[in-house]
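The next block is protein09.cif, given as mmCIF, C-alpha atoms.
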data_my_file
#
loop_
_atom_site.group_PDB
_atom_site.id
_atom_site.type_symbol
_atom_site.label_atom_id
_atom_site.label_comp_id
_atom_site.auth_asym_id
_atom_site.auth_seq_id
_atom_site.Cartn_x
_atom_site.Cartn_y
_atom_site.Cartn_z
ATOM 1 C CA MET C 1250 -63.110 127.916 126.970
ATOM 2 C CA ARG C 1251 -63.785 130.638 129.477
ATOM 3 C CA ARG C 1252 -60.220 131.858 129.154
ATOM 4 C CA ILE C 1253 -60.644 132.043 125.413
ATOM 5 C CA ALA C 1254 -63.847 134.066 125.840
ATOM 6 C CA VAL C 1255 -62.122 136.464 128.216
ATOM 7 C CA PHE C 1256 -59.195 136.766 125.859
ATOM 8 C CA LEU C 1257 -61.499 137.302 122.885
ATOM 9 C CA SER C 1258 -63.589 139.996 124.576
ATOM 10 C CA ALA C 1259 -60.455 141.776 125.776
ATOM 11 C CA TRP C 1260 -59.133 141.693 122.242
ATOM 12 C CA LEU C 1261 -62.424 143.036 120.856
ATOM 13 C CA LEU C 1262 -62.563 145.809 123.441
ATOM 14 C CA GLY C 1263 -58.969 146.682 122.730
ATOM 15 C CA ALA C 1264 -59.670 146.822 119.021
ATOM 16 C CA ALA C 1265 -62.640 149.121 119.587
ATOM 17 C CA ALA C 1266 -60.646 151.426 121.797
ATOM 18 C CA SER C 1267 -57.824 151.704 119.319
ATOM 19 C CA ALA C 1268 -59.816 151.976 116.089
ATOM 20 C CA ASP C 1269 -57.696 152.539 113.030
ATOM 21 C CA GLY C 1270 -57.299 156.009 111.770
ATOM 22 C CA ILE C 1271 -55.298 159.168 112.002
ATOM 23 C CA ARG C 1272 -54.368 160.791 115.269
ATOM 24 C CA LEU C 1273 -52.754 164.203 115.166
ATOM 25 C CA PRO C 1274 -52.095 166.822 117.785
ATOM 26 C CA PRO C 1275 -55.263 168.945 117.943
ATOM 27 C CA VAL C 1276 -55.082 172.361 116.298
ATOM 28 C CA ASP C 1277 -54.228 174.664 119.182
ATOM 29 C CA HIS C 1278 -53.555 177.943 117.427
ATOM 30 C CA ALA C 1279 -56.120 180.503 118.576
ATOM 31 C CA ALA C 1280 -56.513 182.507 115.342
ATOM 32 C CA THR C 1281 -56.676 179.347 113.223
ATOM 33 C CA LEU C 1282 -59.368 177.875 115.457
ATOM 34 C CA GLU C 1283 -61.293 181.137 115.474
ATOM 35 C CA GLU C 1284 -61.078 182.156 111.816
ATOM 36 C CA CYS C 1285 -60.804 178.881 109.880
ATOM 37 C CA GLY C 1286 -63.087 177.198 112.385
ATOM 38 C CA ALA C 1287 -65.818 179.779 111.831
ATOM 39 C CA CYS C 1288 -66.886 178.054 108.613
ATOM 40 C CA HIS C 1289 -65.371 174.581 108.657
ATOM 41 C CA LEU C 1290 -63.251 172.283 110.757
ATOM 42 C CA ALA C 1291 -59.903 173.925 111.437
ATOM 43 C CA TYR C 1292 -58.153 171.281 109.350
ATOM 44 C CA PRO C 1293 -54.877 169.926 110.718
ATOM 45 C CA PRO C 1294 -51.989 171.727 108.996
ATOM 46 C CA GLN C 1295 -50.232 168.349 108.575
ATOM 47 C CA MET C 1296 -52.738 167.403 105.894
ATOM 48 C CA LEU C 1297 -51.295 169.685 103.196
ATOM 49 C CA PRO C 1298 -47.773 170.737 102.241
ATOM 50 C CA ALA C 1299 -46.556 174.241 103.060
ATOM 51 C CA ARG C 1300 -46.861 175.377 99.441
ATOM 52 C CA SER C 1301 -50.579 174.544 99.509
ATOM 53 C CA TRP C 1302 -51.213 176.531 102.669
ATOM 54 C CA GLY C 1303 -49.269 179.423 101.176
ATOM 55 C CA ARG C 1304 -51.461 179.520 98.115
ATOM 56 C CA ILE C 1305 -54.676 179.132 100.118
ATOM 57 C CA MET C 1306 -53.746 181.958 102.463
ATOM 58 C CA ASP C 1307 -52.778 184.177 99.526
ATOM 59 C CA SER C 1308 -56.171 183.770 97.863
ATOM 60 C CA LEU C 1309 -58.652 184.158 100.716
ATOM 61 C CA ALA C 1310 -60.699 186.719 98.775
ATOM 62 C CA ASP C 1311 -61.841 183.802 96.619
ATOM 63 C CA HIS C 1312 -61.779 180.868 98.975
ATOM 64 C CA PHE C 1313 -63.577 178.030 97.174
ATOM 65 C CA GLY C 1314 -66.241 180.447 95.998
ATOM 66 C CA GLU C 1315 -66.419 182.632 99.076
ATOM 67 C CA ASP C 1316 -64.740 185.756 100.310
ATOM 68 C CA ALA C 1317 -62.833 184.691 103.407
ATOM 69 C CA SER C 1318 -60.471 187.645 103.549
ATOM 70 C CA LEU C 1319 -58.828 188.479 106.832
ATOM 71 C CA ALA C 1320 -56.932 191.400 108.276
ATOM 72 C CA GLU C 1321 -53.291 191.217 107.164
ATOM 73 C CA ALA C 1322 -51.881 190.547 110.643
ATOM 74 C CA VAL C 1323 -54.371 187.747 111.379
ATOM 75 C CA SER C 1324 -53.796 186.109 108.019
ATOM 76 C CA ALA C 1325 -49.997 186.251 108.475
ATOM 77 C CA ASP C 1326 -50.308 184.722 111.942
ATOM 78 C CA ILE C 1327 -52.416 181.839 110.635
ATOM 79 C CA ALA C 1328 -50.199 181.302 107.578
ATOM 80 C CA ALA C 1329 -47.111 181.047 109.792
ATOM 81 C CA TYR C 1330 -48.779 178.399 111.965
ATOM 82 C CA LEU C 1331 -49.992 176.395 108.967
ATOM 83 C CA ARG C 1332 -46.586 176.466 107.267
ATOM 84 C CA ALA C 1333 -44.684 175.550 110.421
ATOM 85 C CA ASN C 1334 -46.867 172.464 110.887
ATOM 86 C CA ALA C 1335 -47.442 171.515 107.260
ATOM 87 C CA ALA C 1336 -47.022 167.962 105.961
ATOM 88 C CA ASP C 1337 -43.519 168.660 104.640
ATOM 89 C CA SER C 1338 -42.402 170.868 107.501
ATOM 90 C CA PRO C 1339 -39.550 169.446 109.571
ATOM 91 C CA GLY C 1340 -41.327 170.545 112.741
ATOM 92 C CA ALA C 1341 -44.629 168.867 111.911
ATOM 93 C CA VAL C 1342 -45.769 165.936 114.018
ATOM 94 C CA GLY C 1343 -46.932 163.050 111.845
ATOM 95 C CA GLY C 1344 -46.834 164.952 108.581
ATOM 96 C CA GLN C 1345 -44.924 162.532 106.365
ATOM 97 C CA ARG C 1346 -47.809 160.145 105.685
ATOM 98 C CA PHE C 1347 -49.638 163.009 103.985
ATOM 99 C CA MET C 1348 -46.831 163.561 101.479
ATOM 100 C CA ARG C 1349 -47.006 160.006 100.116
ATOM 101 C CA ARG C 1350 -47.414 159.876 96.337
ATOM 102 C CA LEU C 1351 -47.896 163.626 96.166
ATOM 103 C CA ASP C 1352 -46.475 164.950 92.902
ATOM 104 C CA PRO C 1353 -43.824 167.557 93.789
ATOM 105 C CA ALA C 1354 -45.058 169.625 90.853
ATOM 106 C CA GLN C 1355 -48.607 169.775 92.269
ATOM 107 C CA THR C 1356 -49.986 172.209 94.801
ATOM 108 C CA PRO C 1357 -53.297 170.748 95.977
ATOM 109 C CA LEU C 1358 -55.708 173.377 97.281
ATOM 110 C CA ARG C 1359 -58.103 170.871 98.752
ATOM 111 C CA ILE C 1360 -57.152 168.161 101.220
ATOM 112 C CA THR C 1361 -59.577 165.945 99.308
ATOM 113 C CA GLU C 1362 -57.386 166.244 96.187
ATOM 114 C CA THR C 1363 -54.374 164.652 97.838
ATOM 115 C CA PRO C 1364 -53.414 161.047 97.026
ATOM 116 C CA TRP C 1365 -53.516 160.000 100.675
ATOM 117 C CA TRP C 1366 -57.042 161.359 101.156
ATOM 118 C CA GLN C 1367 -58.362 159.749 98.010
ATOM 119 C CA ARG C 1368 -56.824 156.429 98.904
ATOM 120 C CA ASP C 1369 -58.175 156.547 102.453
ATOM 121 C CA HIS C 1370 -61.688 157.257 101.136
ATOM 122 C CA ASP C 1371 -61.748 155.060 98.034
ATOM 123 C CA GLU C 1372 -64.312 152.702 99.569
ATOM 124 C CA ILE C 1373 -66.852 155.480 100.191
ATOM 125 C CA ARG C 1374 -69.581 155.830 97.575
ATOM 126 C CA PRO C 1375 -69.622 159.374 96.110
ATOM 127 C CA ALA C 1376 -73.331 159.723 96.960
ATOM 128 C CA ARG C 1377 -72.413 159.361 100.621
ATOM 129 C CA PHE C 1378 -70.625 162.701 100.528
ATOM 130 C CA GLU C 1379 -73.663 164.442 99.087
ATOM 131 C CA SER C 1380 -76.058 162.854 101.577
ATOM 132 C CA ALA C 1381 -78.090 165.035 103.943
ATOM 133 C CA LYS C 1382 -75.868 163.975 106.822
ATOM 134 C CA VAL C 1383 -72.499 164.702 105.240
ATOM 135 C CA LYS C 1384 -73.280 167.384 102.640
ATOM 136 C CA SER C 1385 -69.685 168.013 101.662
ATOM 137 C CA ARG C 1386 -66.331 166.288 101.540
ATOM 138 C CA ALA C 1387 -65.123 169.250 103.579
ATOM 139 C CA ASN C 1388 -67.306 168.135 106.472
ATOM 140 C CA CYS C 1389 -64.881 165.658 108.098
ATOM 141 C CA ALA C 1390 -66.694 165.695 111.424
ATOM 142 C CA ALA C 1391 -69.875 164.291 109.868
ATOM 143 C CA CYS C 1392 -68.196 160.872 109.903
ATOM 144 C CA HIS C 1393 -65.084 161.403 112.039
ATOM 145 C CA ARG C 1394 -66.882 162.613 115.110
ATOM 146 C CA THR C 1395 -63.779 163.617 117.039
ATOM 147 C CA ALA C 1396 -62.069 165.328 114.115
ATOM 148 C CA ASP C 1397 -61.810 168.511 116.170
ATOM 149 C CA LYS C 1398 -59.478 166.618 118.519
ATOM 150 C CA GLY C 1399 -57.206 165.635 115.666
ATOM 151 C CA GLU C 1400 -58.743 162.137 115.485
ATOM 152 C CA PHE C 1401 -59.930 160.859 112.135
ATOM 153 C CA LEU C 1402 -60.976 157.329 113.007
ATOM 154 C CA GLU C 1403 -62.390 154.696 110.734
ATOM 155 C CA ASP C 1404 -65.914 153.380 111.210
ATOM 156 C CA ASP C 1405 -66.636 156.217 113.557
ATOM 157 C CA GLU C 1406 -70.142 157.058 112.408
ATOM 158 C CA MET S 1207 -91.339 202.535 144.604
ATOM 159 C CA THR S 1208 -91.927 206.185 143.776
ATOM 160 C CA ASP S 1209 -94.186 207.189 140.947
ATOM 161 C CA ARG S 1210 -91.273 208.722 139.135
ATOM 162 C CA PHE S 1211 -89.253 205.518 139.285
ATOM 163 C CA ARG S 1212 -92.302 203.563 138.178
ATOM 164 C CA GLY S 1213 -92.628 205.918 135.233
ATOM 165 C CA ILE S 1214 -89.001 205.459 134.201
ATOM 166 C CA LEU S 1215 -89.337 201.698 134.516
ATOM 167 C CA ALA S 1216 -92.477 201.686 132.373
ATOM 168 C CA THR S 1217 -90.722 203.760 129.708
ATOM 169 C CA LEU S 1218 -87.730 201.425 129.745
ATOM 170 C CA ILE S 1219 -89.928 198.362 129.345
ATOM 171 C CA LEU S 1220 -91.780 200.069 126.511
ATOM 172 C CA VAL S 1221 -88.519 200.958 124.753
ATOM 173 C CA CYS S 1222 -87.214 197.407 125.140
ATOM 174 C CA ALA S 1223 -90.502 195.967 123.897
ATOM 175 C CA SER S 1224 -90.566 198.243 120.884
ATOM 176 C CA PHE S 1225 -87.092 197.076 119.928
ATOM 177 C CA GLY S 1226 -88.209 193.491 120.400
ATOM 178 C CA ALA S 1227 -84.909 192.524 121.956
ATOM 179 C CA VAL S 1228 -82.771 193.445 124.905
ATOM 180 C CA ALA S 1229 -80.609 196.384 123.995
ATOM 181 C CA ASP S 1230 -76.850 196.144 124.283
ATOM 182 C CA PRO S 1231 -74.620 199.229 124.508
ATOM 183 C CA ALA S 1232 -72.065 197.774 122.067
ATOM 184 C CA ARG S 1233 -74.769 196.992 119.509
ATOM 185 C CA ASP S 1234 -76.281 200.437 119.962
ATOM 186 C CA ALA S 1235 -72.864 201.975 119.305
ATOM 187 C CA ILE S 1236 -72.469 199.965 116.088
ATOM 188 C CA LEU S 1237 -75.914 201.097 114.926
ATOM 189 C CA ALA S 1238 -75.111 204.689 115.899
ATOM 190 C CA ALA S 1239 -71.896 204.593 113.835
ATOM 191 C CA LEU S 1240 -73.810 203.168 110.879
ATOM 192 C CA THR S 1241 -76.437 205.904 111.298
ATOM 193 C CA GLU S 1242 -73.686 208.520 111.050
ATOM 194 C CA GLU S 1243 -72.306 206.894 107.892
ATOM 195 C CA ALA S 1244 -75.794 206.586 106.414
ATOM 196 C CA ARG S 1245 -76.504 210.279 107.021
ATOM 197 C CA LYS S 1246 -73.329 211.189 105.178
ATOM 198 C CA SER S 1247 -73.785 208.825 102.253
ATOM 199 C CA SER S 1248 -77.586 209.160 101.776
ATOM 200 C CA PRO S 1249 -78.844 212.745 102.155
ATOM 201 C CA GLY S 1250 -82.508 211.675 102.371
ATOM 202 C CA PHE S 1251 -81.808 209.130 105.134
ATOM 203 C CA THR S 1252 -84.495 209.111 107.824
ATOM 204 C CA GLY S 1253 -83.608 205.968 109.754
ATOM 205 C CA PHE S 1254 -83.066 202.252 109.331
ATOM 206 C CA SER S 1255 -85.936 199.988 108.388
ATOM 207 C CA ALA S 1256 -86.397 196.410 109.568
ATOM 208 C CA GLN S 1257 -88.749 195.917 106.629
ATOM 209 C CA ARG S 1258 -86.090 196.895 104.092
ATOM 210 C CA GLY S 1259 -83.629 194.747 105.999
ATOM 211 C CA GLU S 1260 -85.973 191.779 105.776
ATOM 212 C CA ALA S 1261 -86.397 192.260 102.022
ATOM 213 C CA PHE S 1262 -82.614 192.437 101.600
ATOM 214 C CA TRP S 1263 -82.178 189.295 103.722
ATOM 215 C CA PHE S 1264 -84.533 187.226 101.564
ATOM 216 C CA ALA S 1265 -83.666 188.728 98.173
ATOM 217 C CA THR S 1266 -81.832 186.788 95.506
ATOM 218 C CA HIS S 1267 -79.017 189.138 94.581
ATOM 219 C CA SER S 1268 -76.815 189.154 91.537
ATOM 220 C CA GLY S 1269 -73.241 190.257 91.112
ATOM 221 C CA GLY S 1270 -71.842 188.137 93.901
ATOM 222 C CA LYS S 1271 -70.315 184.681 93.841
ATOM 223 C CA PRO S 1272 -72.495 182.085 92.099
ATOM 224 C CA ASP S 1273 -72.765 179.732 95.086
ATOM 225 C CA THR S 1274 -74.107 182.404 97.421
ATOM 226 C CA PRO S 1275 -76.787 184.631 95.836
ATOM 227 C CA SER S 1276 -78.617 185.332 99.117
ATOM 228 C CA CYS S 1277 -78.038 185.808 102.840
ATOM 229 C CA THR S 1278 -80.148 182.678 103.150
ATOM 230 C CA SER S 1279 -77.699 180.658 101.040
ATOM 231 C CA CYS S 1280 -75.977 179.950 104.350
ATOM 232 C CA HIS S 1281 -78.064 181.580 107.091
ATOM 233 C CA ALA S 1282 -81.462 180.029 107.787
ATOM 234 C CA LYS S 1283 -84.517 181.588 106.124
ATOM 235 C CA ASP S 1284 -85.845 182.041 109.647
ATOM 236 C CA PRO S 1285 -83.073 184.012 111.414
ATOM 237 C CA ALA S 1286 -84.109 182.397 114.691
ATOM 238 C CA LEU S 1287 -82.855 179.056 113.410
ATOM 239 C CA PRO S 1288 -79.257 177.965 112.875
ATOM 240 C CA GLY S 1289 -77.846 178.175 109.368
ATOM 241 C CA GLU S 1290 -75.152 176.095 107.768
ATOM 242 C CA THR S 1291 -71.945 176.893 105.899
ATOM 243 C CA ARG S 1292 -71.288 175.251 102.558
ATOM 244 C CA ALA S 1293 -68.799 173.045 104.377
ATOM 245 C CA GLY S 1294 -71.612 171.717 106.569
ATOM 246 C CA LYS S 1295 -70.815 173.582 109.776
ATOM 247 C CA ALA S 1296 -73.678 175.081 111.778
ATOM 248 C CA ILE S 1297 -73.993 178.872 111.997
ATOM 249 C CA GLU S 1298 -75.566 180.119 115.190
ATOM 250 C CA PRO S 1299 -78.887 181.924 114.610
ATOM 251 C CA MET S 1300 -78.537 185.527 113.473
ATOM 252 C CA ALA S 1301 -81.612 186.669 115.416
ATOM 253 C CA VAL S 1302 -80.501 188.642 118.435
ATOM 254 C CA SER S 1303 -83.279 187.063 120.507
ATOM 255 C CA LYS S 1304 -81.581 183.678 120.007
ATOM 256 C CA SER S 1305 -77.948 184.833 119.912
ATOM 257 C CA PRO S 1306 -77.715 187.850 122.232
ATOM 258 C CA LYS S 1307 -74.012 188.347 121.446
ATOM 259 C CA ARG S 1308 -74.716 189.101 117.790
ATOM 260 C CA PHE S 1309 -73.543 192.510 116.545
ATOM 261 C CA THR S 1310 -71.735 193.457 119.728
ATOM 262 C CA ASN S 1311 -68.197 193.387 118.287
ATOM 263 C CA ALA S 1312 -67.613 196.119 115.715
ATOM 264 C CA ALA S 1313 -64.593 194.418 114.119
ATOM 265 C CA GLU S 1314 -66.509 191.154 113.671
ATOM 266 C CA VAL S 1315 -69.495 192.966 112.200
ATOM 267 C CA ALA S 1316 -67.227 194.824 109.753
ATOM 268 C CA LYS S 1317 -65.379 191.636 108.810
ATOM 269 C CA TRP S 1318 -68.512 189.620 108.049
ATOM 270 C CA PHE S 1319 -70.266 192.414 106.186
ATOM 271 C CA THR S 1320 -67.183 192.896 103.998
ATOM 272 C CA ARG S 1321 -66.872 189.199 103.172
ATOM 273 C CA ASN S 1322 -70.521 188.370 102.821
ATOM 274 C CA CYS S 1323 -71.521 191.477 100.865
ATOM 275 C CA ASN S 1324 -68.689 190.676 98.446
ATOM 276 C CA GLY S 1325 -69.909 187.109 98.221
ATOM 277 C CA VAL S 1326 -73.619 187.832 97.927
ATOM 278 C CA VAL S 1327 -73.952 191.194 96.166
ATOM 279 C CA GLY S 1328 -70.457 191.463 94.686
ATOM 280 C CA ARG S 1329 -69.685 194.793 96.317
ATOM 281 C CA GLU S 1330 -69.495 196.449 99.672
ATOM 282 C CA CYS S 1331 -72.926 196.978 101.246
ATOM 283 C CA THR S 1332 -74.036 200.557 101.820
ATOM 284 C CA PRO S 1333 -74.352 201.838 105.393
ATOM 285 C CA VAL S 1334 -78.137 201.869 104.907
ATOM 286 C CA GLU S 1335 -78.187 198.221 103.808
ATOM 287 C CA LYS S 1336 -76.036 197.208 106.769
ATOM 288 C CA GLY S 1337 -78.120 199.182 109.250
ATOM 289 C CA ASP S 1338 -81.364 197.840 107.819
ATOM 290 C CA VAL S 1339 -80.226 194.218 108.096
ATOM 291 C CA LEU S 1340 -78.904 194.797 111.606
ATOM 292 C CA THR S 1341 -82.195 196.404 112.607
ATOM 293 C CA PHE S 1342 -84.163 193.502 111.111
ATOM 294 C CA LEU S 1343 -82.060 190.886 112.913
ATOM 295 C CA SER S 1344 -82.075 192.826 116.180
ATOM 296 C CA LYS S 1345 -85.867 192.699 116.223
ATOM 297 C CA LYS S 1346 -85.932 188.989 115.442
#
Could you quickly redo this structure as structure tokens?
Amino acid sequence: MRRIAVFLSAWLLGAAASADGIRLPPVDHAATLEECGACHLAYPPQMLPARSWGRIMDSLADHFGEDASLAEAVSADIAAYLRANAADSPGAVGGQRFMRRLDPAQTPLRITETPWWQRDHDEIRPARFESAKVKSRANCAACHRTADKGEFLEDDE
Amino acid sequence: MTDRFRGILATLILVCASFGAVADPARDAILAALTEEARKSSPGFTGFSAQRGEAFWFATHSGGKPDTPSCTSCHAKDPALPGETRAGKAIEPMAVSKSPKRFTNAAEVAKWFTRNCNGVVGRECTPVEKGDVLTFLSKK
């Protein structure tokens, strides 16, 4: 009985330590951390295909209702990093899961528009995203507390 | 301590107190550059006004992007408190008394004025508007 208890608690501890979720290499590009991270989480480039990042970086003057324009050199530097590590980039670590079910004809501009994101969040009530704690679907770290380390774990609130 | 030194010290303290915040050479240089621009663009310019800056800060503007009609759409109404971006990320207080590094990097100041004036008032801010807001926040 005791052995079973020990086994069970070890299993539970193990499960807690390796909670399900997404683990990506943390964003380590200085300009991306500085500029994108000024207003929101510097989202992992793996979460969108290269064509999406291209369009986002080409339209910073109207970035989801705000002017997020950058000096040309800074914007080019960030765009190159995002493209090189995008979901469909051969050099990206762990990008393929984010391409699943994505229509090749679509260029999502929001991570939250992608099939993988919607599927991963289909159990969350919409009101939850508007709550005082979360405020916005863009606010990953409200629920995924270590999102800035590339970890988007389930049941992490 | 000589009387002369005491006098200089007293003047310095008075100057600091009247500005309401510890001066910073980089911030002074940014304000000086804005003063130059203001003189050129507004012939009747007699100096920046914290009061005008405060009014601009709280005003509901038109012409900008619909989600952000005011500085306080994202920054806190009280500049000594943190604000919040629309994506839910905290913005350090704009008041220099709380964030002493504010307005000490000319490129950053230019970048944020360009973006946020476009977003809030739908145009570039005038040198007087920028200087007024900076003066207001420097005294906060």
With a distance threshold of 9 Å and counting only C-alpha atoms, extract the residues of chain S near chain C and express them as a PDB file with C-alpha atoms, in the frame of the given file.
ATOM      1  CA  LYS S1271     -70.315 184.681  93.841  1.00  0.00           C
ATOM      2  CA  PRO S1272     -72.495 182.085  92.099  1.00  0.00           C
ATOM      3  CA  ASP S1273     -72.765 179.732  95.086  1.00  0.00           C
ATOM      4  CA  THR S1274     -74.107 182.404  97.421  1.00  0.00           C
ATOM      5  CA  GLU S1290     -75.152 176.095 107.768  1.00  0.00           C
ATOM      6  CA  THR S1291     -71.945 176.893 105.899  1.00  0.00           C
ATOM      7  CA  ARG S1292     -71.288 175.251 102.558  1.00  0.00           C
ATOM      8  CA  ALA S1293     -68.799 173.045 104.377  1.00  0.00           C
ATOM      9  CA  GLY S1294     -71.612 171.717 106.569  1.00  0.00           C
ATOM     10  CA  LYS S1295     -70.815 173.582 109.776  1.00  0.00           C
ATOM     11  CA  ALA S1296     -73.678 175.081 111.778  1.00  0.00           C
ATOM     12  CA  ILE S1297     -73.993 178.872 111.997  1.00  0.00           C
ATOM     13  CA  LYS S1317     -65.379 191.636 108.810  1.00  0.00           C
ATOM     14  CA  TRP S1318     -68.512 189.620 108.049  1.00  0.00           C
ATOM     15  CA  THR S1320     -67.183 192.896 103.998  1.00  0.00           C
ATOM     16  CA  ARG S1321     -66.872 189.199 103.172  1.00  0.00           C
ATOM     17  CA  ASN S1322     -70.521 188.370 102.821  1.00  0.00           C
ATOM     18  CA  CYS S1323     -71.521 191.477 100.865  1.00  0.00           C
ATOM     19  CA  ASN S1324     -68.689 190.676  98.446  1.00  0.00           C
ATOM     20  CA  GLY S1325     -69.909 187.109  98.221  1.00  0.00           C
ATOM     21  CA  VAL S1326     -73.619 187.832  97.927  1.00  0.00           C
TER      22      VAL S1326
END
* Asked: Which protein, DNA or RNA residues have an atom at most 10 Å from (-59.3, 168.1, 122.2), counting all atoms listed in the file? List them as a list in words.
  -> Pro1274, Pro1275, Val1276, Asp1277, Thr1395, Ala1396, Asp1397, Lys1398, Gly1399 and Glu1400 of chain C
* Nearest candidate to C:His1370 (options C:Ile1327, C:Leu1282, C:Val1342, C:Gly1270; using all atoms listed in the file) -> C:Gly1270
* **atom CA of C:Cys1392 to atom CA of C:Ala1329, distance in Å rounded to a single decimal** =>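 Value for the atom CA of C:Cys1392-atom CA of C:Ala1329 distance: 29.2 Å.
What the PyMOL selection byres ((chain S and resi 1286) around 7) matches in the given file is Asp1284, Pro1285, Leu1287, Pro1288, Pro1299, Met1300, Ala1301, Lys1304 and Lys1346 of chain S.
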* atom CA of S:Thr1332 and atom CA of S:Glu1242, how far apart in Å? -> 12.2 Å
* Coordinates-based distance that separates atom CA of S:Ser1344 from atom CA of S:Phe1309 (Å, one decimal) ->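 According to the coordinates, atom CA of S:Phe1309 and atom CA of S:Ser1344 are separated by 8.5 Å.
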* To do: Rank nothing, just name the residue among C:Ser1324, C:Arg1350, C:Asp1337, C:Arg1374 nearest to C:Ser1308, using only C-alpha atoms.
  => C:Ser1324
* Asked: Applied to this file, what does the PyMOL selection byres ((chain C and resi 1345) around 12) return in terms of residues, put as a ChimeraX atom specification?
  -> /C:1273,1294-1298,1334-1344,1346-1351,1365
* To do: Within 9 Å of C:Asp1269, counting only C-alpha atoms, which residues show up once you throw out same-chain ones fewer than 5 positions away? Write them as a PyMOL selection string, please.
  => chain C and resi 1264+1401-1404
* To do: Evaluate the PyMOL selection byres ((chain S and resi 1342) around 7) and record the selected residues as number ranges by chain, following the chain and residue labels used in the document.
  => S: 1256-1257, 1259-1260, 1338-1341, 1343-1346
Return stretch 1316-1321 of chain S, completed with all heavy atoms, as a PDB file, keeping the file's coordinate frame.
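Wrote it out as part12.pdb, contents follow:
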ATOM      1  N   ALA S1316     -67.850 194.274 110.970  1.00  0.00           N
ATOM      2  CA  ALA S1316     -67.227 194.824 109.753  1.00  0.00           C
ATOM      3  C   ALA S1316     -66.664 193.690 108.902  1.00  0.00           C
ATOM      4  O   ALA S1316     -66.827 193.657 107.680  1.00  0.00           O
ATOM      5  CB  ALA S1316     -66.131 195.808 110.139  1.00  0.00           C
ATOM      6  N   LYS S1317     -65.996 192.739 109.550  1.00  0.00           N
ATOM      7  CA  LYS S1317     -65.379 191.636 108.810  1.00  0.00           C
ATOM      8  C   LYS S1317     -66.424 190.843 108.038  1.00  0.00           C
ATOM      9  O   LYS S1317     -66.253 190.570 106.843  1.00  0.00           O
ATOM     10  CB  LYS S1317     -64.646 190.697 109.785  1.00  0.00           C
ATOM     11  CG  LYS S1317     -64.023 189.482 109.111  1.00  0.00           C
ATOM     12  CD  LYS S1317     -63.277 188.598 110.098  1.00  0.00           C
ATOM     13  CE  LYS S1317     -64.221 187.658 110.809  1.00  0.00           C
ATOM     14  NZ  LYS S1317     -63.543 186.797 111.790  1.00  0.00           N
ATOM     15  N   TRP S1318     -67.512 190.477 108.707  1.00  0.00           N
ATOM     16  CA  TRP S1318     -68.512 189.620 108.049  1.00  0.00           C
ATOM     17  C   TRP S1318     -69.313 190.373 106.999  1.00  0.00           C
ATOM     18  O   TRP S1318     -69.668 189.807 105.969  1.00  0.00           O
ATOM     19  CB  TRP S1318     -69.416 188.947 109.088  1.00  0.00           C
ATOM     20  CG  TRP S1318     -68.672 187.851 109.795  1.00  0.00           C
ATOM     21  CD1 TRP S1318     -68.177 187.875 111.065  1.00  0.00           C
ATOM     22  CD2 TRP S1318     -68.278 186.588 109.242  1.00  0.00           C
ATOM     23  NE1 TRP S1318     -67.521 186.702 111.334  1.00  0.00           N
ATOM     24  CE2 TRP S1318     -67.568 185.891 110.248  1.00  0.00           C
ATOM     25  CE3 TRP S1318     -68.460 185.974 108.003  1.00  0.00           C
ATOM     26  CZ2 TRP S1318     -67.040 184.608 110.049  1.00  0.00           C
ATOM     27  CZ3 TRP S1318     -67.929 184.689 107.809  1.00  0.00           C
ATOM     28  CH2 TRP S1318     -67.236 184.029 108.823  1.00  0.00           C
ATOM     29  N   PHE S1319     -69.579 191.643 107.229  1.00  0.00           N
ATOM     30  CA  PHE S1319     -70.266 192.414 106.186  1.00  0.00           C
ATOM     31  C   PHE S1319     -69.375 192.520 104.947  1.00  0.00           C
ATOM     32  O   PHE S1319     -69.850 192.364 103.826  1.00  0.00           O
ATOM     33  CB  PHE S1319     -70.674 193.800 106.684  1.00  0.00           C
ATOM     34  CG  PHE S1319     -72.074 193.855 107.243  1.00  0.00           C
ATOM     35  CD1 PHE S1319     -72.330 194.457 108.469  1.00  0.00           C
ATOM     36  CD2 PHE S1319     -73.149 193.319 106.538  1.00  0.00           C
ATOM     37  CE1 PHE S1319     -73.617 194.517 108.980  1.00  0.00           C
ATOM     38  CE2 PHE S1319     -74.445 193.374 107.045  1.00  0.00           C
ATOM     39  CZ  PHE S1319     -74.676 193.975 108.277  1.00  0.00           C
ATOM     40  N   THR S1320     -68.099 192.782 105.146  1.00  0.00           N
ATOM     41  CA  THR S1320     -67.183 192.896 103.998  1.00  0.00           C
ATOM     42  C   THR S1320     -67.185 191.600 103.195  1.00  0.00           C
ATOM     43  O   THR S1320     -67.413 191.588 101.982  1.00  0.00           O
ATOM     44  CB  THR S1320     -65.749 193.201 104.480  1.00  0.00           C
ATOM     45  OG1 THR S1320     -65.784 194.429 105.204  1.00  0.00           O
ATOM     46  CG2 THR S1320     -64.788 193.323 103.304  1.00  0.00           C
ATOM     47  N   ARG S1321     -66.941 190.494 103.858  1.00  0.00           N
ATOM     48  CA  ARG S1321     -66.872 189.199 103.172  1.00  0.00           C
ATOM     49  C   ARG S1321     -68.198 188.843 102.515  1.00  0.00           C
ATOM     50  O   ARG S1321     -68.256 188.474 101.348  1.00  0.00           O
ATOM     51  CB  ARG S1321     -66.595 188.098 104.194  1.00  0.00           C
ATOM     52  CG  ARG S1321     -65.224 188.108 104.755  1.00  0.00           C
ATOM     53  CD  ARG S1321     -65.226 187.094 105.868  1.00  0.00           C
ATOM     54  NE  ARG S1321     -63.882 186.741 106.258  1.00  0.00           N
ATOM     55  CZ  ARG S1321     -63.608 185.719 107.048  1.00  0.00           C
ATOM     56  NH1 ARG S1321     -64.587 184.974 107.522  1.00  0.00           N
ATOM     57  NH2 ARG S1321     -62.377 185.434 107.361  1.00  0.00           N
TER      58      ARG S1321
END
